[in-house]
file my_file.txt (compact mmCIF, N, CA and C atoms)
# COMPACT_ATOMS: atom_id res chain seq x y z
N MET A 1 -15.27 40.75 -0.46
CA MET A 1 -15.33 42.12 -0.93
C MET A 1 -16.43 42.24 -1.99
N ALA A 2 -17.12 43.37 -1.98
CA ALA A 2 -18.18 43.63 -2.94
C ALA A 2 -17.58 43.88 -4.32
N SER A 3 -18.34 43.52 -5.35
CA SER A 3 -17.87 43.82 -6.70
C SER A 3 -18.11 45.30 -6.98
N ARG A 4 -17.36 45.84 -7.94
CA ARG A 4 -17.43 47.26 -8.29
C ARG A 4 -18.36 47.46 -9.48
N ILE A 5 -19.05 48.58 -9.52
CA ILE A 5 -19.92 48.93 -10.63
C ILE A 5 -19.33 50.15 -11.32
N ASP A 6 -18.98 49.98 -12.58
CA ASP A 6 -18.44 51.08 -13.38
C ASP A 6 -19.56 51.73 -14.18
N ALA A 7 -19.47 53.02 -14.37
CA ALA A 7 -20.39 53.80 -15.22
C ALA A 7 -21.86 53.59 -14.87
N PRO A 8 -22.25 53.83 -13.62
CA PRO A 8 -23.67 53.69 -13.28
C PRO A 8 -24.48 54.84 -13.88
N ALA A 9 -25.73 54.59 -14.15
CA ALA A 9 -26.63 55.64 -14.63
C ALA A 9 -26.91 56.62 -13.50
N LYS A 10 -27.12 57.89 -13.85
CA LYS A 10 -27.39 58.91 -12.84
C LYS A 10 -28.62 58.55 -12.02
N CYS A 11 -29.65 58.03 -12.70
CA CYS A 11 -30.88 57.70 -11.97
C CYS A 11 -30.64 56.55 -10.98
N GLU A 12 -29.72 55.65 -11.30
CA GLU A 12 -29.37 54.56 -10.38
C GLU A 12 -28.75 55.13 -9.12
N LEU A 13 -27.81 56.06 -9.29
CA LEU A 13 -27.16 56.68 -8.14
C LEU A 13 -28.18 57.43 -7.28
N ARG A 14 -29.10 58.13 -7.92
CA ARG A 14 -30.12 58.87 -7.18
C ARG A 14 -31.03 57.93 -6.39
N ARG A 15 -31.35 56.78 -6.97
CA ARG A 15 -32.18 55.79 -6.25
C ARG A 15 -31.48 55.32 -4.99
N VAL A 16 -30.18 55.07 -5.11
CA VAL A 16 -29.41 54.60 -3.96
C VAL A 16 -29.36 55.69 -2.89
N ILE A 17 -29.12 56.94 -3.31
CA ILE A 17 -29.10 58.05 -2.36
C ILE A 17 -30.45 58.15 -1.66
N ARG A 18 -31.52 58.04 -2.43
CA ARG A 18 -32.87 58.12 -1.86
C ARG A 18 -33.10 57.02 -0.83
N PHE A 19 -32.69 55.80 -1.17
CA PHE A 19 -32.84 54.68 -0.26
C PHE A 19 -32.04 54.88 1.02
N LEU A 20 -30.75 55.24 0.87
CA LEU A 20 -29.88 55.40 2.03
C LEU A 20 -30.34 56.57 2.90
N GLN A 21 -30.85 57.64 2.28
CA GLN A 21 -31.37 58.77 3.04
C GLN A 21 -32.61 58.35 3.82
N ALA A 22 -33.48 57.57 3.19
CA ALA A 22 -34.70 57.09 3.86
C ALA A 22 -34.36 56.18 5.03
N GLU A 23 -33.25 55.47 4.92
CA GLU A 23 -32.79 54.61 6.02
C GLU A 23 -32.26 55.42 7.19
N GLY A 24 -32.00 56.71 6.96
CA GLY A 24 -31.50 57.57 8.03
C GLY A 24 -30.00 57.78 8.02
N ASN A 25 -29.34 57.41 6.91
CA ASN A 25 -27.90 57.62 6.82
C ASN A 25 -27.58 59.11 6.70
N SER A 26 -26.47 59.52 7.28
CA SER A 26 -26.06 60.93 7.25
C SER A 26 -25.46 61.30 5.90
N ALA A 27 -25.29 62.60 5.69
CA ALA A 27 -24.69 63.11 4.45
C ALA A 27 -23.25 62.62 4.29
N VAL A 28 -22.59 62.34 5.37
CA VAL A 28 -21.22 61.82 5.32
C VAL A 28 -21.22 60.32 5.04
N GLU A 29 -22.17 59.63 5.63
CA GLU A 29 -22.24 58.17 5.51
C GLU A 29 -22.65 57.71 4.10
N ILE A 30 -23.54 58.44 3.44
CA ILE A 30 -24.04 58.01 2.13
C ILE A 30 -22.93 57.86 1.10
N PRO A 31 -22.10 58.90 0.85
CA PRO A 31 -21.03 58.70 -0.15
C PRO A 31 -20.01 57.64 0.28
N ARG A 32 -19.79 57.51 1.59
CA ARG A 32 -18.85 56.49 2.08
C ARG A 32 -19.37 55.10 1.76
N ARG A 33 -20.65 54.87 1.99
CA ARG A 33 -21.23 53.56 1.68
C ARG A 33 -21.26 53.30 0.18
N MET A 34 -21.63 54.32 -0.59
CA MET A 34 -21.72 54.15 -2.05
C MET A 34 -20.36 53.89 -2.66
N SER A 35 -19.31 54.48 -2.11
CA SER A 35 -17.97 54.31 -2.68
C SER A 35 -17.44 52.88 -2.53
N ARG A 36 -18.09 52.08 -1.70
CA ARG A 36 -17.69 50.68 -1.57
C ARG A 36 -18.01 49.89 -2.84
N VAL A 37 -19.03 50.33 -3.58
CA VAL A 37 -19.49 49.59 -4.76
C VAL A 37 -19.21 50.33 -6.06
N TYR A 38 -19.44 51.65 -6.03
CA TYR A 38 -19.26 52.44 -7.25
C TYR A 38 -17.83 52.92 -7.36
N VAL A 39 -17.41 53.20 -8.60
CA VAL A 39 -16.05 53.69 -8.82
C VAL A 39 -15.82 54.96 -8.01
N GLU A 40 -14.57 55.30 -7.79
CA GLU A 40 -14.19 56.39 -6.91
C GLU A 40 -14.94 57.69 -7.16
N ASP A 41 -14.99 58.16 -8.40
CA ASP A 41 -15.58 59.45 -8.70
C ASP A 41 -17.01 59.31 -9.22
N PHE A 42 -17.82 58.52 -8.54
CA PHE A 42 -19.19 58.28 -9.02
C PHE A 42 -20.03 59.55 -8.95
N MET A 43 -19.81 60.38 -7.94
CA MET A 43 -20.55 61.63 -7.77
C MET A 43 -19.84 62.41 -6.67
N ASN A 44 -19.70 63.71 -6.83
CA ASN A 44 -19.00 64.45 -5.78
C ASN A 44 -19.89 64.59 -4.54
N ASP A 45 -19.26 64.84 -3.41
CA ASP A 45 -19.98 64.88 -2.13
C ASP A 45 -21.06 65.96 -2.10
N SER A 46 -20.79 67.11 -2.73
CA SER A 46 -21.80 68.18 -2.72
C SER A 46 -23.04 67.77 -3.51
N ALA A 47 -22.87 67.02 -4.59
CA ALA A 47 -24.02 66.54 -5.36
C ALA A 47 -24.83 65.53 -4.54
N VAL A 48 -24.14 64.66 -3.82
CA VAL A 48 -24.82 63.69 -2.95
C VAL A 48 -25.62 64.45 -1.89
N CYS A 49 -25.02 65.46 -1.28
CA CYS A 49 -25.72 66.26 -0.26
C CYS A 49 -26.94 66.96 -0.86
N GLU A 50 -26.79 67.50 -2.06
CA GLU A 50 -27.89 68.19 -2.72
C GLU A 50 -29.06 67.24 -2.98
N TRP A 51 -28.78 66.03 -3.49
CA TRP A 51 -29.85 65.07 -3.74
C TRP A 51 -30.47 64.59 -2.43
N ARG A 52 -29.65 64.40 -1.42
CA ARG A 52 -30.16 63.99 -0.12
C ARG A 52 -31.12 65.04 0.43
N ARG A 53 -30.78 66.33 0.27
CA ARG A 53 -31.63 67.42 0.73
C ARG A 53 -32.95 67.43 -0.05
N LYS A 54 -32.86 67.23 -1.38
CA LYS A 54 -34.07 67.21 -2.20
C LYS A 54 -35.02 66.10 -1.75
N PHE A 55 -34.47 64.92 -1.50
CA PHE A 55 -35.30 63.79 -1.08
C PHE A 55 -35.88 64.02 0.32
N LYS A 56 -35.13 64.69 1.18
CA LYS A 56 -35.60 64.97 2.53
C LYS A 56 -36.74 65.98 2.52
N ASP A 57 -36.69 66.93 1.57
CA ASP A 57 -37.71 67.97 1.48
C ASP A 57 -39.04 67.46 0.93
N GLY A 58 -39.04 66.33 0.27
CA GLY A 58 -40.29 65.79 -0.25
C GLY A 58 -40.07 64.97 -1.49
N PRO A 59 -41.15 64.56 -2.15
CA PRO A 59 -41.02 63.73 -3.34
C PRO A 59 -40.20 64.44 -4.42
N THR A 60 -39.29 63.71 -4.99
CA THR A 60 -38.43 64.24 -6.05
C THR A 60 -38.29 63.19 -7.13
N GLU A 61 -38.36 63.62 -8.38
CA GLU A 61 -38.18 62.72 -9.52
C GLU A 61 -36.71 62.34 -9.63
N ILE A 62 -36.42 61.06 -9.72
CA ILE A 62 -35.03 60.62 -9.81
C ILE A 62 -34.54 60.52 -11.25
N ARG A 63 -35.49 60.46 -12.20
CA ARG A 63 -35.09 60.36 -13.60
C ARG A 63 -34.67 61.72 -14.12
N ASP A 64 -33.87 61.74 -15.18
CA ASP A 64 -33.43 62.99 -15.79
C ASP A 64 -34.62 63.76 -16.30
N GLU A 65 -34.53 65.07 -16.22
CA GLU A 65 -35.57 65.93 -16.71
C GLU A 65 -35.73 65.77 -18.22
N GLU A 66 -36.95 65.86 -18.70
CA GLU A 66 -37.22 65.81 -20.13
C GLU A 66 -36.57 67.01 -20.79
N GLY A 67 -35.97 66.80 -21.92
CA GLY A 67 -35.39 67.92 -22.66
C GLY A 67 -33.92 68.16 -22.37
N GLN A 68 -33.34 67.43 -21.41
CA GLN A 68 -31.92 67.60 -21.16
C GLN A 68 -31.14 66.80 -22.18
N GLY A 69 -29.94 67.21 -22.42
CA GLY A 69 -29.09 66.50 -23.35
C GLY A 69 -29.21 67.04 -24.75
N ARG A 70 -28.86 66.24 -25.71
CA ARG A 70 -28.83 66.67 -27.11
C ARG A 70 -30.24 66.82 -27.67
N LYS A 71 -30.48 67.91 -28.33
CA LYS A 71 -31.78 68.17 -28.93
C LYS A 71 -31.94 67.35 -30.22
N SER A 72 -33.16 66.94 -30.51
CA SER A 72 -33.44 66.20 -31.73
C SER A 72 -33.45 67.14 -32.92
N VAL A 73 -32.89 66.67 -34.02
CA VAL A 73 -32.90 67.47 -35.25
C VAL A 73 -33.94 66.94 -36.23
N ALA A 74 -34.66 65.91 -35.83
CA ALA A 74 -35.67 65.32 -36.72
C ALA A 74 -36.88 66.23 -36.80
N THR A 75 -37.33 66.45 -38.00
CA THR A 75 -38.56 67.20 -38.23
C THR A 75 -39.51 66.30 -39.00
N GLU A 76 -40.75 66.68 -39.06
CA GLU A 76 -41.73 65.89 -39.81
C GLU A 76 -41.32 65.78 -41.27
N ASP A 77 -40.78 66.86 -41.83
CA ASP A 77 -40.31 66.86 -43.23
C ASP A 77 -39.19 65.85 -43.44
N LEU A 78 -38.22 65.81 -42.53
CA LEU A 78 -37.12 64.86 -42.65
C LEU A 78 -37.62 63.42 -42.56
N VAL A 79 -38.56 63.16 -41.67
CA VAL A 79 -39.10 61.82 -41.50
C VAL A 79 -39.81 61.38 -42.78
N GLN A 80 -40.60 62.26 -43.36
CA GLN A 80 -41.32 61.92 -44.59
C GLN A 80 -40.35 61.69 -45.74
N ARG A 81 -39.35 62.54 -45.87
CA ARG A 81 -38.38 62.36 -46.98
C ARG A 81 -37.60 61.06 -46.80
N ALA A 82 -37.27 60.71 -45.57
CA ALA A 82 -36.54 59.47 -45.33
C ALA A 82 -37.40 58.26 -45.65
N SER A 83 -38.68 58.32 -45.33
CA SER A 83 -39.55 57.18 -45.62
C SER A 83 -39.81 57.04 -47.12
N LEU A 84 -39.80 58.15 -47.87
CA LEU A 84 -39.98 58.10 -49.32
C LEU A 84 -38.73 57.55 -50.01
N ALA A 85 -37.58 57.76 -49.40
CA ALA A 85 -36.32 57.31 -50.00
C ALA A 85 -36.13 55.80 -49.90
N VAL A 86 -36.87 55.16 -49.04
CA VAL A 86 -36.72 53.72 -48.83
C VAL A 86 -37.40 52.93 -49.86
call {"tool": "encode", "arguments": {"input": "my_file.txt", "output": "structure tokens"}}
result
Amino acid sequence: MASRIDAPAKCELRRVIRFLQAEGNSAVEIPRRMSRVYVEDFMNDSAVCEWRRKFKDGPTEIRDEEGQGRKSVATEDLVQRASLAV
């Protein structure tokens, strides 16, 4: 039996989807194959289908978009004050 991978990175999952789609696996087959290795709720089926469609339509970036997630609160002023405090 294959070992399980917990908490995979989103870009890792997208790479696998891209690979399996390029191999010609169907939208049903891809999540079935991935569920053998990744934890049960690694990605919902509609998300897998959406990424598969994106890869089929042409080149798609697998890494997260720049600017997603928590915004930085660092400003040039804060950086300078922190360096002066040291």
call {"tool": "atom_distance", "arguments": {"input": "my_file.txt", "atom1": "CA of Lys56 (chain A)", "atom2": "CA of Ala22 (chain A)"}}
result
8.0 Å
call {"tool": "atom_distance", "arguments": {"input": "my_file.txt", "atom1": "CA of Asp6 (chain A)", "atom2": "CA of Ser35 (chain A)"}}
result
11.2 Å
call {"tool": "closest_residue", "arguments": {"input": "my_file.txt", "among": "A:Tyr38, A:Asp77, A:Phe55, A:Ala7", "to": "Gly24 (chain A)", "atoms": "only C-alpha atoms"}}
result
A:Phe55
call {"tool": "closest_residue", "arguments": {"input": "my_file.txt", "among": "A:Val16, A:Pro8, A:Thr75, A:Asp57", "to": "Met34 (chain A)", "atoms": "all atoms listed in the file"}}
result
A:Val16
